[in-house]
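Structure, as structure tokens:
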Amino acid sequence: MSKYREMPCKYYIAFGECTKNREANHQNYCQHCDKYEPRAKVRLINRKKAYNEKQKRDSI
């Protein structure tokens with residue numbers, strides 16, 4: 001199962017609702033909007049890389 005890494009915009013309220021009077025569809029439009037600002041800056045962890053590094057450490 002894949003995990004979406006989309007960060008909601010701070011102006012996004014719900015589907016079809018945006019405080020900037022835009023067509024709020026987060027999966028398509030909000031990421032490409034020129035007024036897009038993420039709610040929080042979250043560091044995304046590359047789990048595949050972390051798993052591979054752990055396997056290398058454990059095998060040595």
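In the structure tokens, the first chain shown is A, the next is B, and so on; residue numbers restart at 1 for each chain, and ligands run from 1 in the order shown.
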
Practice prompt. Might you pull out every residue within 12 Å of Asn25 in chain A, with only C-alpha atoms counted and same-chain residues fewer than 3 positions away left off, and present them as number ranges by chain?
Written response: A: 8-9, 11-18, 21-22, 28-33

Please dump the current selection as an mmCIF file, in the first residue's frame; keep N, CA and C atoms.
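Output (selection10.cif):
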data_model
loop_
_atom_site.group_PDB
_atom_site.id
_atom_site.type_symbol
_atom_site.label_atom_id
_atom_site.label_comp_id
_atom_site.auth_asym_id
_atom_site.auth_seq_id
_atom_site.Cartn_x
_atom_site.Cartn_y
_atom_site.Cartn_z
ATOM 1 N N PRO A 8 -0.906 19.261 3.209
ATOM 2 C CA PRO A 8 -2.031 20.160 2.955
ATOM 3 C C PRO A 8 -1.598 21.619 3.055
ATOM 4 N N CYS A 9 -2.238 22.438 2.247
ATOM 5 C CA CYS A 9 -1.971 23.870 2.240
ATOM 6 C C CYS A 9 -2.583 24.494 3.491
ATOM 7 N N TYR A 11 -4.168 27.126 3.616
ATOM 8 C CA TYR A 11 -5.425 27.772 3.245
ATOM 9 C C TYR A 11 -6.517 26.756 2.923
ATOM 10 N N TYR A 12 -6.171 25.478 2.843
ATOM 11 C CA TYR A 12 -7.111 24.413 2.497
ATOM 12 C C TYR A 12 -7.989 24.088 3.704
ATOM 13 N N ILE A 13 -9.316 24.145 3.514
ATOM 14 C CA ILE A 13 -10.252 23.827 4.603
ATOM 15 C C ILE A 13 -10.817 22.428 4.416
ATOM 16 N N ALA A 14 -11.492 22.208 3.309
ATOM 17 C CA ALA A 14 -12.072 20.911 2.981
ATOM 18 C C ALA A 14 -12.213 20.837 1.472
ATOM 19 N N PHE A 15 -12.693 19.696 0.979
ATOM 20 C CA PHE A 15 -12.849 19.528 -0.462
ATOM 21 C C PHE A 15 -13.787 20.596 -1.003
ATOM 22 N N GLY A 16 -13.273 21.416 -1.904
ATOM 23 C CA GLY A 16 -14.074 22.490 -2.489
ATOM 24 C C GLY A 16 -14.039 23.786 -1.710
ATOM 25 N N GLU A 17 -13.340 23.830 -0.570
ATOM 26 C CA GLU A 17 -13.283 25.044 0.257
ATOM 27 C C GLU A 17 -11.839 25.478 0.470
ATOM 28 N N CYS A 18 -11.577 26.721 0.104
ATOM 29 C CA CYS A 18 -10.248 27.297 0.274
ATOM 30 C C CYS A 18 -10.435 28.744 0.716
ATOM 31 N N ASN A 21 -10.321 31.510 -2.008
ATOM 32 C CA ASN A 21 -11.378 31.455 -3.026
ATOM 33 C C ASN A 21 -10.912 30.724 -4.284
ATOM 34 N N ARG A 22 -10.279 29.603 -4.087
ATOM 35 C CA ARG A 22 -9.824 28.761 -5.184
ATOM 36 C C ARG A 22 -10.618 27.462 -5.194
ATOM 37 N N ASN A 28 -5.008 17.392 -6.661
ATOM 38 C CA ASN A 28 -4.565 17.880 -7.963
ATOM 39 C C ASN A 28 -4.202 19.358 -7.937
ATOM 40 N N TYR A 29 -5.094 20.199 -7.519
ATOM 41 C CA TYR A 29 -4.932 21.633 -7.717
ATOM 42 C C TYR A 29 -4.051 22.314 -6.674
ATOM 43 N N CYS A 30 -4.230 21.998 -5.408
ATOM 44 C CA CYS A 30 -3.536 22.739 -4.346
ATOM 45 C C CYS A 30 -2.018 22.661 -4.454
ATOM 46 N N GLN A 31 -1.486 21.525 -4.873
ATOM 47 C CA GLN A 31 -0.040 21.402 -4.985
ATOM 48 C C GLN A 31 0.515 22.300 -6.091
ATOM 49 N N HIS A 32 -0.299 22.643 -7.076
ATOM 50 C CA HIS A 32 0.155 23.438 -8.203
ATOM 51 C C HIS A 32 -0.299 24.898 -8.126
ATOM 52 N N CYS A 33 -1.022 25.255 -7.100
ATOM 53 C CA CYS A 33 -1.531 26.618 -6.935
ATOM 54 C C CYS A 33 -0.362 27.559 -6.651
#

Practice prompt. Return as a PyMOL selection string the full set of residues in chain A whose backbone-based DSSP assignment is alpha helix (DSSP H).
Written response: chain A and resi 47-59

Selection file, C-alpha atoms, as a PDB file, in the first residue's frame:
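Below you can see selection-v1.pdb, which holds the result:
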ATOM      1  CA  ARG A  47      12.057   4.396   4.833  1.00  0.00           C
ATOM      2  CA  LYS A  48      13.553   2.294   2.051  1.00  0.00           C
ATOM      3  CA  LYS A  49      16.946   3.957   2.505  1.00  0.00           C
ATOM      4  CA  ALA A  50      16.770   3.595   6.298  1.00  0.00           C
ATOM      5  CA  TYR A  51      15.871  -0.097   5.968  1.00  0.00           C
ATOM      6  CA  ASN A  52      18.747  -0.748   3.547  1.00  0.00           C
ATOM      7  CA  GLU A  53      21.242   1.024   5.817  1.00  0.00           C
ATOM      8  CA  LYS A  54      20.029  -1.003   8.809  1.00  0.00           C
ATOM      9  CA  GLN A  55      20.467  -4.234   6.839  1.00  0.00           C
ATOM     10  CA  LYS A  56      24.024  -3.252   5.929  1.00  0.00           C
ATOM     11  CA  ARG A  57      24.895  -2.468   9.556  1.00  0.00           C
ATOM     12  CA  ASP A  58      23.390  -5.715  10.848  1.00  0.00           C
ATOM     13  CA  SER A  59      25.150  -7.899   8.260  1.00  0.00           C
TER      14      SER A  59
END

Item to complete: Name the residues of chain A that fall into strand (DSSP E or B) according to DSSP on the backbone, using the chain letters and numbers of this document, as a ChimeraX atom specification.
Response: /A:9,12-14,17-18,38

Worksheet item: Which residues, written as number ranges by chain, have at least one atom at most 12 Å from Arg43 in chain A, with only C-alpha atoms counted and residues fewer than 2 positions away on the same chain left out?
Response: A: 5, 7, 40-41, 45-46

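Residues lying within 7 Å of Lys10 in chain A, counting only C-alpha atoms and ignoring same-chain neighbours fewer than 5 positions away, are Glu37, Pro38 and Arg39 of chain A.
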